[in-house]
Amino acid sequence: MKATIERATLLKGLSHVQSVVERRNTIPILSNVLIEATADGSLRLMATDLDLQINERIPASVDQPGATTVSAHMLFDIARKLPEGAEVQLHASEGRMAIRASRYNSSLPTLPRDDFPVIAEGELPTQFELSAEMLKQIIDKTRFAISTEETRYYLNGIFLHVSKEEPVLKAAATDGHRLARVTLPRPEGAEAMPDVIVPRKCVGELRKLLDEVDAQVGVSLSTTKIRFDLGQAVLTSKLIDGTFPDYTRVIPTGNDRILKLDPKGFSEGVDRVSIIANEKTRAVKMALDRDKITLSVTSPENGTATEEVPGDYSAQAFEIGFNSRYLLDILGQIEGDTVEVHLADAAAPTLIRENDKAAALYVLMPMRV
């Protein structure tokens, strides 16, 4: 294999594929990126961790077609530190890859292309398209609520499903303390899609790729795999094999104490008082009275902090506590000038949304403070 490629092009492609590669691997070839030079003048880069796989095509000048695998992180670090504008020559033969650029020369060990594992996609019967913007919205408004608790593995992703009652696609994530859900028009072709849970790592890699895409993204899936076609890059992932809980049961419908606030001012107030909060609980108390909300934090180690924030509230006065980090994560996704907080009492789930027409809604469990 012999090819020449512009440094910026190589670096961009490697930045996408190397982040799929785990830093520690018991299987040596999983530390490598597959590089295939094709006669049509392109390099195919491919990386996998056996659950997630990325393929990317980048333009190159190919002198000798062929394929090999080389350390993904090593090659990425070399490309990152080469001078801007450099032309990079890659030449693989007899178990080594020579890398030349300007006055730089190096040689890396390779492993055979035939040993590189590939995720077998199988049939992907459900196929539809979503705009890159819509996919970004799905991810940004839900992923902060994905659980990191490995024992509840079925919560370690975003739950995608279509409604049986109306033509919508819903995405939800929860860690048991908070829930985020976004509802969007159902794309054509998704009518019979199965309920699927897209893993956290796939969500993170997809979100990075979406920053460079402004077109439609092809989505193909079965009950076990999902593939995102982003043009030059294709991301394939196994789905989480588990049952997502019926989250609709925790979405409150009768919370009649309604508080309306400016999300930016409220968020800044919560952020300021939470500096004092205990690192473990991050608890902040809200005392609600007529058109007056007092935020307060009391910490035996750090002292106290209070701040009044303006709000529209006319129901009965009471106090409620929340984890400030969870509250700030939700407020960070509110784009309008007003946020509605639907409360019941100090122990019941609280509903937060922009308004009743907003695509996203959030549920937050209160804390004892």
# chains A, B, ... in the order shown; residues from 1 in each chain; ligands from 1
>>> residues_around(residues="Ile158 in chain A", least_positions_apart="5", cutoff="9 Å", atoms="only C-alpha atoms", output="ChimeraX atom specification")
/A:138-139,142-143,145-146,171-174,196-200,203
>>> closest_atom_pairs(of="range 24-132 of chain A", to="range 220-244 of chain A", cutoff="8 Å", atoms="only C-alpha atoms", output="tab-separated table")
residue	atom	partner	partner_atom	distance
A:Asp51	CA	A:Lys238	CA	5.3
A:Leu52	CA	A:Ser237	CA	4.3
A:Gln53	CA	A:Thr236	CA	5.1
A:Ile54	CA	A:Leu235	CA	4.6
A:Asn55	CA	A:Val234	CA	5.1
A:Glu56	CA	A:Ala233	CA	4.2
A:Arg57	CA	A:Gln232	CA	5.4
A:Ile58	CA	A:Gln232	CA	7.3
A:Ile119	CA	A:Thr236	CA	7.9
A:Glu121	CA	A:Lys225	CA	6.5
A:Glu123	CA	A:Ser222	CA	6.9
A:Leu124	CA	A:Leu221	CA	4.7
A:Pro125	CA	A:Ser222	CA	6.0
A:Thr126	CA	A:Leu221	CA	5.3
A:Gln127	CA	A:Ser220	CA	4.4
A:Phe128	CA	A:Ser220	CA	6.6
>>> closest_atom_pairs(of="range 319-339 of chain A", to="range 344-359 of chain A", cutoff="9 Å", atoms="only C-alpha atoms", output="CSV")
residue,atom,partner,partner_atom,distance
A:Glu319,CA,A:Ala346,CA,6.5
A:Ile320,CA,A:Ala346,CA,4.7
A:Gly321,CA,A:Ala346,CA,7.2
A:Ile330,CA,A:Ile352,CA,8.1
A:Leu331,CA,A:Ile352,CA,8.8
A:Ile334,CA,A:Glu354,CA,6.4
A:Glu335,CA,A:Glu354,CA,7.9
A:Gly336,CA,A:Glu354,CA,6.8
A:Asp337,CA,A:Glu354,CA,8.4
A:Thr338,CA,A:Glu354,CA,6.2
A:Val339,CA,A:Glu354,CA,4.5
>>> write_last_selection(atoms="all heavy atoms", output="PDB file, in the first residue's frame")
ATOM      1  N   GLU A 319     -41.655  24.728  50.434  1.00  0.00           N
ATOM      2  CA  GLU A 319     -40.220  24.572  50.159  1.00  0.00           C
ATOM      3  C   GLU A 319     -39.959  23.224  49.503  1.00  0.00           C
ATOM      4  O   GLU A 319     -40.620  22.237  49.812  1.00  0.00           O
ATOM      5  CB  GLU A 319     -39.410  24.672  51.462  1.00  0.00           C
ATOM      6  CG  GLU A 319     -39.458  26.046  52.107  1.00  0.00           C
ATOM      7  CD  GLU A 319     -38.627  26.115  53.379  1.00  0.00           C
ATOM      8  OE1 GLU A 319     -38.252  25.033  53.914  1.00  0.00           O
ATOM      9  OE2 GLU A 319     -38.350  27.234  53.847  1.00  0.00           O
ATOM     10  N   ILE A 320     -38.977  23.209  48.605  1.00  0.00           N
ATOM     11  CA  ILE A 320     -38.606  21.973  47.909  1.00  0.00           C
ATOM     12  C   ILE A 320     -37.104  22.006  47.631  1.00  0.00           C
ATOM     13  O   ILE A 320     -36.527  23.094  47.463  1.00  0.00           O
ATOM     14  CB  ILE A 320     -39.430  21.816  46.600  1.00  0.00           C
ATOM     15  CG1 ILE A 320     -39.235  20.426  45.989  1.00  0.00           C
ATOM     16  CG2 ILE A 320     -39.115  22.920  45.588  1.00  0.00           C
ATOM     17  CD1 ILE A 320     -40.237  20.092  44.871  1.00  0.00           C
ATOM     18  N   GLY A 321     -36.477  20.838  47.598  1.00  0.00           N
ATOM     19  CA  GLY A 321     -35.039  20.778  47.348  1.00  0.00           C
ATOM     20  C   GLY A 321     -34.715  19.993  46.086  1.00  0.00           C
ATOM     21  O   GLY A 321     -35.435  19.059  45.719  1.00  0.00           O
ATOM     22  N   ILE A 330     -30.763  20.706  33.116  1.00  0.00           N
ATOM     23  CA  ILE A 330     -32.056  20.911  32.455  1.00  0.00           C
ATOM     24  C   ILE A 330     -32.200  22.351  31.981  1.00  0.00           C
ATOM     25  O   ILE A 330     -32.567  22.609  30.823  1.00  0.00           O
ATOM     26  CB  ILE A 330     -33.217  20.525  33.402  1.00  0.00           C
ATOM     27  CG1 ILE A 330     -33.218  19.012  33.647  1.00  0.00           C
ATOM     28  CG2 ILE A 330     -34.565  20.989  32.848  1.00  0.00           C
ATOM     29  CD1 ILE A 330     -34.162  18.541  34.735  1.00  0.00           C
ATOM     30  N   LEU A 331     -31.897  23.301  32.845  1.00  0.00           N
ATOM     31  CA  LEU A 331     -32.047  24.722  32.478  1.00  0.00           C
ATOM     32  C   LEU A 331     -31.153  25.083  31.294  1.00  0.00           C
ATOM     33  O   LEU A 331     -31.496  25.955  30.497  1.00  0.00           O
ATOM     34  CB  LEU A 331     -31.719  25.609  33.689  1.00  0.00           C
ATOM     35  CG  LEU A 331     -32.715  25.519  34.853  1.00  0.00           C
ATOM     36  CD1 LEU A 331     -32.175  26.261  36.071  1.00  0.00           C
ATOM     37  CD2 LEU A 331     -34.082  26.079  34.448  1.00  0.00           C
ATOM     38  N   ILE A 334     -33.020  24.858  27.957  1.00  0.00           N
ATOM     39  CA  ILE A 334     -34.174  25.729  27.678  1.00  0.00           C
ATOM     40  C   ILE A 334     -33.722  26.899  26.818  1.00  0.00           C
ATOM     41  O   ILE A 334     -32.830  27.659  27.191  1.00  0.00           O
ATOM     42  CB  ILE A 334     -34.809  26.252  28.990  1.00  0.00           C
ATOM     43  CG1 ILE A 334     -35.184  25.085  29.928  1.00  0.00           C
ATOM     44  CG2 ILE A 334     -36.009  27.145  28.703  1.00  0.00           C
ATOM     45  CD1 ILE A 334     -36.305  24.204  29.450  1.00  0.00           C
ATOM     46  N   GLU A 335     -34.331  27.038  25.637  1.00  0.00           N
ATOM     47  CA  GLU A 335     -33.862  28.047  24.677  1.00  0.00           C
ATOM     48  C   GLU A 335     -34.650  29.348  24.736  1.00  0.00           C
ATOM     49  O   GLU A 335     -34.180  30.386  24.310  1.00  0.00           O
ATOM     50  CB  GLU A 335     -33.926  27.470  23.253  1.00  0.00           C
ATOM     51  CG  GLU A 335     -32.914  26.344  23.046  1.00  0.00           C
ATOM     52  CD  GLU A 335     -33.221  25.490  21.830  1.00  0.00           C
ATOM     53  OE1 GLU A 335     -34.188  25.831  21.106  1.00  0.00           O
ATOM     54  OE2 GLU A 335     -32.522  24.493  21.617  1.00  0.00           O
ATOM     55  N   GLY A 336     -35.866  29.302  25.260  1.00  0.00           N
ATOM     56  CA  GLY A 336     -36.714  30.499  25.262  1.00  0.00           C
ATOM     57  C   GLY A 336     -36.435  31.416  26.443  1.00  0.00           C
ATOM     58  O   GLY A 336     -35.487  31.232  27.213  1.00  0.00           O
ATOM     59  N   ASP A 337     -37.305  32.418  26.610  1.00  0.00           N
ATOM     60  CA  ASP A 337     -37.151  33.405  27.689  1.00  0.00           C
ATOM     61  C   ASP A 337     -37.878  32.994  28.969  1.00  0.00           C
ATOM     62  O   ASP A 337     -37.755  33.661  29.985  1.00  0.00           O
ATOM     63  CB  ASP A 337     -37.695  34.770  27.233  1.00  0.00           C
ATOM     64  CG  ASP A 337     -36.913  35.299  26.049  1.00  0.00           C
ATOM     65  OD1 ASP A 337     -35.717  34.968  25.954  1.00  0.00           O
ATOM     66  OD2 ASP A 337     -37.506  36.013  25.222  1.00  0.00           O
ATOM     67  N   THR A 338     -38.689  31.940  28.885  1.00  0.00           N
ATOM     68  CA  THR A 338     -39.464  31.511  30.053  1.00  0.00           C
ATOM     69  C   THR A 338     -39.374  29.998  30.215  1.00  0.00           C
ATOM     70  O   THR A 338     -39.359  29.259  29.230  1.00  0.00           O
ATOM     71  CB  THR A 338     -40.956  31.898  29.892  1.00  0.00           C
ATOM     72  OG1 THR A 338     -41.045  33.282  29.584  1.00  0.00           O
ATOM     73  CG2 THR A 338     -41.729  31.626  31.169  1.00  0.00           C
ATOM     74  N   VAL A 339     -39.318  29.573  31.467  1.00  0.00           N
ATOM     75  CA  VAL A 339     -39.392  28.149  31.760  1.00  0.00           C
ATOM     76  C   VAL A 339     -40.533  27.936  32.748  1.00  0.00           C
ATOM     77  O   VAL A 339     -40.742  28.751  33.650  1.00  0.00           O
ATOM     78  CB  VAL A 339     -38.058  27.604  32.321  1.00  0.00           C
ATOM     79  CG1 VAL A 339     -37.640  28.304  33.607  1.00  0.00           C
ATOM     80  CG2 VAL A 339     -38.121  26.096  32.557  1.00  0.00           C
TER      81      VAL A 339
END
>>> select_by_dssp(residues="range 159-279 of chain A", states="alpha helix (DSSP H)", output="PyMOL selection string")
chain A and resi 200-210+263-273
>>> write_last_selection(atoms="N, CA, C and O atoms", output="short mmCIF file (atom, residue, chain, number, x, y, z; two decimals), in the first residue's frame")
data_model
loop_
_atom_site.label_atom_id
_atom_site.label_comp_id
_atom_site.auth_asym_id
_atom_site.auth_seq_id
_atom_site.Cartn_x
_atom_site.Cartn_y
_atom_site.Cartn_z
N ARG A 200 -24.57 4.89 24.99
CA ARG A 200 -23.97 6.19 25.30
C ARG A 200 -22.76 6.50 24.41
O ARG A 200 -22.62 7.62 23.92
N LYS A 201 -21.88 5.53 24.19
CA LYS A 201 -20.68 5.80 23.40
C LYS A 201 -21.04 6.13 21.95
O LYS A 201 -20.48 7.04 21.35
N CYS A 202 -21.99 5.40 21.39
CA CYS A 202 -22.45 5.69 20.02
C CYS A 202 -23.03 7.10 19.94
O CYS A 202 -22.76 7.85 19.00
N VAL A 203 -23.83 7.48 20.95
CA VAL A 203 -24.43 8.82 21.00
C VAL A 203 -23.33 9.89 21.00
O VAL A 203 -23.41 10.88 20.26
N GLY A 204 -22.29 9.69 21.80
CA GLY A 204 -21.20 10.67 21.89
C GLY A 204 -20.43 10.81 20.59
O GLY A 204 -20.13 11.93 20.15
N GLU A 205 -20.12 9.68 19.94
CA GLU A 205 -19.37 9.73 18.68
C GLU A 205 -20.22 10.34 17.57
O GLU A 205 -19.73 11.13 16.76
N LEU A 206 -21.50 9.99 17.54
CA LEU A 206 -22.41 10.55 16.54
C LEU A 206 -22.50 12.06 16.69
O LEU A 206 -22.45 12.81 15.69
N ARG A 207 -22.61 12.53 17.94
CA ARG A 207 -22.74 13.98 18.17
C ARG A 207 -21.53 14.74 17.65
O ARG A 207 -21.66 15.83 17.08
N LYS A 208 -20.32 14.17 17.83
CA LYS A 208 -19.11 14.82 17.32
C LYS A 208 -19.13 14.93 15.80
O LYS A 208 -18.77 15.95 15.23
N LEU A 209 -19.56 13.85 15.15
CA LEU A 209 -19.61 13.84 13.68
C LEU A 209 -20.64 14.82 13.13
O LEU A 209 -20.45 15.42 12.08
N LEU A 210 -21.75 15.00 13.87
CA LEU A 210 -22.83 15.87 13.39
C LEU A 210 -22.42 17.33 13.28
O LEU A 210 -23.02 18.10 12.53
N PRO A 263 -35.19 31.48 32.54
CA PRO A 263 -34.27 30.37 32.77
C PRO A 263 -32.82 30.81 32.99
O PRO A 263 -32.09 30.21 33.77
N LYS A 264 -32.43 31.90 32.30
CA LYS A 264 -31.03 32.35 32.42
C LYS A 264 -30.76 32.91 33.83
O LYS A 264 -29.80 32.52 34.50
N GLY A 265 -31.66 33.79 34.30
CA GLY A 265 -31.48 34.37 35.63
C GLY A 265 -31.58 33.31 36.72
O GLY A 265 -30.82 33.33 37.70
N PHE A 266 -32.52 32.39 36.54
CA PHE A 266 -32.71 31.31 37.52
C PHE A 266 -31.47 30.42 37.57
O PHE A 266 -30.96 30.08 38.64
N SER A 267 -30.96 30.06 36.38
CA SER A 267 -29.78 29.21 36.29
C SER A 267 -28.57 29.88 36.95
O SER A 267 -27.82 29.23 37.69
N GLU A 268 -28.39 31.16 36.70
CA GLU A 268 -27.26 31.88 37.30
C GLU A 268 -27.37 31.92 38.82
O GLU A 268 -26.37 31.78 39.53
N GLY A 269 -28.60 32.11 39.33
CA GLY A 269 -28.82 32.12 40.78
C GLY A 269 -28.50 30.76 41.41
O GLY A 269 -27.82 30.68 42.43
N VAL A 270 -29.00 29.69 40.78
CA VAL A 270 -28.72 28.34 41.27
C VAL A 270 -27.22 28.07 41.26
O VAL A 270 -26.65 27.53 42.21
N ASP A 271 -26.58 28.48 40.18
CA ASP A 271 -25.14 28.27 40.04
C ASP A 271 -24.36 28.98 41.15
O ASP A 271 -23.41 28.42 41.72
N ARG A 272 -24.77 30.20 41.46
CA ARG A 272 -24.03 30.98 42.48
C ARG A 272 -24.19 30.37 43.87
O ARG A 272 -23.20 30.20 44.59
N VAL A 273 -25.43 30.04 44.27
CA VAL A 273 -25.61 29.52 45.63
C VAL A 273 -25.02 28.11 45.77
O VAL A 273 -24.58 27.72 46.84
#
>>> atom_distance(atom1="CA of Thr304 in chain A", atom2="CA of Phe144 in chain A")
28.2 Å
>>> decode(residues="range 226-255 of chain A", atoms="N, CA, C and O atoms", output="CSV table (one decimal), in the first residue's frame")
chain,number,residue,atom,x,y,z
A,226,ILE,N,-27.8,-0.5,14.7
A,226,ILE,CA,-28.2,0.8,14.1
A,226,ILE,C,-27.0,1.3,13.3
A,226,ILE,O,-25.8,1.2,13.7
A,227,ARG,N,-27.3,1.9,12.2
A,227,ARG,CA,-26.3,2.5,11.3
A,227,ARG,C,-26.7,4.0,10.9
A,227,ARG,O,-27.8,4.2,10.6
A,228,PHE,N,-25.7,4.9,11.1
A,228,PHE,CA,-25.9,6.3,10.7
A,228,PHE,C,-25.0,6.6,9.5
A,228,PHE,O,-23.8,6.5,9.6
A,229,ASP,N,-25.6,7.0,8.4
A,229,ASP,CA,-24.8,7.3,7.2
A,229,ASP,C,-24.7,8.8,7.1
A,229,ASP,O,-25.7,9.5,6.8
A,230,LEU,N,-23.5,9.4,7.3
A,230,LEU,CA,-23.3,10.8,7.4
A,230,LEU,C,-22.6,11.3,6.1
A,230,LEU,O,-21.9,12.3,6.2
A,231,GLY,N,-22.7,10.5,5.0
A,231,GLY,CA,-21.9,10.9,3.8
A,231,GLY,C,-20.6,10.3,3.8
A,231,GLY,O,-20.5,9.1,3.5
A,232,GLN,N,-19.5,11.0,4.1
A,232,GLN,CA,-18.2,10.4,4.1
A,232,GLN,C,-18.0,9.4,5.2
A,232,GLN,O,-17.2,8.5,5.1
A,233,ALA,N,-18.7,9.6,6.3
A,233,ALA,CA,-18.5,8.7,7.5
A,233,ALA,C,-19.8,7.8,7.7
A,233,ALA,O,-20.9,8.3,7.5
A,234,VAL,N,-19.6,6.6,8.1
A,234,VAL,CA,-20.7,5.7,8.5
A,234,VAL,C,-20.4,5.1,9.8
A,234,VAL,O,-19.3,4.6,10.1
A,235,LEU,N,-21.4,5.3,10.8
A,235,LEU,CA,-21.2,4.8,12.1
A,235,LEU,C,-22.2,3.7,12.3
A,235,LEU,O,-23.4,3.8,12.1
A,236,THR,N,-21.7,2.5,12.8
A,236,THR,CA,-22.5,1.3,13.0
A,236,THR,C,-22.3,0.9,14.5
A,236,THR,O,-21.2,0.9,15.0
A,237,SER,N,-23.4,0.6,15.1
A,237,SER,CA,-23.4,0.3,16.6
A,237,SER,C,-24.3,-0.9,16.9
A,237,SER,O,-25.4,-1.0,16.3
A,238,LYS,N,-23.9,-1.7,17.8
A,238,LYS,CA,-24.8,-2.7,18.4
A,238,LYS,C,-25.7,-1.9,19.3
A,238,LYS,O,-25.3,-0.9,19.9
A,239,LEU,N,-27.0,-2.3,19.5
A,239,LEU,CA,-27.9,-1.7,20.4
A,239,LEU,C,-27.9,-2.4,21.7
A,239,LEU,O,-27.4,-3.5,21.9
A,240,ILE,N,-28.4,-1.7,22.8
A,240,ILE,CA,-28.4,-2.3,24.1
A,240,ILE,C,-29.5,-3.3,24.1
A,240,ILE,O,-30.7,-3.0,23.8
A,241,ASP,N,-29.2,-4.5,24.5
A,241,ASP,CA,-30.1,-5.6,24.6
A,241,ASP,C,-30.8,-5.6,26.0
A,241,ASP,O,-30.3,-6.2,26.9
A,242,GLY,N,-31.9,-4.9,26.1
A,242,GLY,CA,-32.6,-4.7,27.3
A,242,GLY,C,-33.9,-4.0,27.1
A,242,GLY,O,-34.2,-3.6,26.0
A,243,THR,N,-34.7,-4.0,28.1
A,243,THR,CA,-36.0,-3.3,28.1
A,243,THR,C,-36.0,-2.0,28.8
A,243,THR,O,-35.7,-2.0,30.0
A,244,PHE,N,-36.3,-0.9,28.1
A,244,PHE,CA,-36.3,0.4,28.8
A,244,PHE,C,-37.6,0.5,29.6
A,244,PHE,O,-38.7,0.1,29.1
A,245,PRO,N,-37.5,1.0,30.8
A,245,PRO,CA,-38.8,1.0,31.6
A,245,PRO,C,-39.8,2.0,31.1
A,245,PRO,O,-39.5,2.8,30.3
A,246,ASP,N,-41.1,1.7,31.5
A,246,ASP,CA,-42.2,2.6,31.0
A,246,ASP,C,-42.1,4.0,31.7
A,246,ASP,O,-42.7,4.2,32.8
A,247,TYR,N,-41.3,4.9,31.1
A,247,TYR,CA,-41.0,6.2,31.7
A,247,TYR,C,-42.3,7.1,31.8
A,247,TYR,O,-42.3,8.0,32.6
A,248,THR,N,-43.3,6.8,31.0
A,248,THR,CA,-44.5,7.7,31.0
A,248,THR,C,-45.1,7.7,32.3
A,248,THR,O,-45.8,8.7,32.7
A,249,ARG,N,-44.9,6.7,33.1
A,249,ARG,CA,-45.6,6.6,34.5
A,249,ARG,C,-45.0,7.6,35.4
A,249,ARG,O,-45.7,8.0,36.4
A,250,VAL,N,-43.8,8.1,35.2
A,250,VAL,CA,-43.3,9.1,36.1
A,250,VAL,C,-43.5,10.6,35.7
A,250,VAL,O,-43.1,11.5,36.4
A,251,ILE,N,-44.1,10.7,34.5
A,251,ILE,CA,-44.3,12.1,34.0
A,251,ILE,C,-45.6,12.6,34.7
A,251,ILE,O,-46.7,12.1,34.4
A,252,PRO,N,-45.5,13.6,35.6
A,252,PRO,CA,-46.7,14.0,36.3
A,252,PRO,C,-47.7,14.8,35.4
A,252,PRO,O,-47.3,15.5,34.5
A,253,THR,N,-49.0,14.5,35.6
A,253,THR,CA,-50.0,15.2,34.8
A,253,THR,C,-50.8,16.2,35.7
A,253,THR,O,-51.6,17.0,35.2
A,254,GLY,N,-50.8,16.0,37.0
A,254,GLY,CA,-51.6,16.8,37.9
A,254,GLY,C,-50.9,17.9,38.7
A,254,GLY,O,-51.5,18.4,39.7
A,255,ASN,N,-49.7,18.2,38.4
A,255,ASN,CA,-48.9,19.2,39.2
A,255,ASN,C,-49.5,20.6,38.9
A,255,ASN,O,-49.4,21.2,37.8
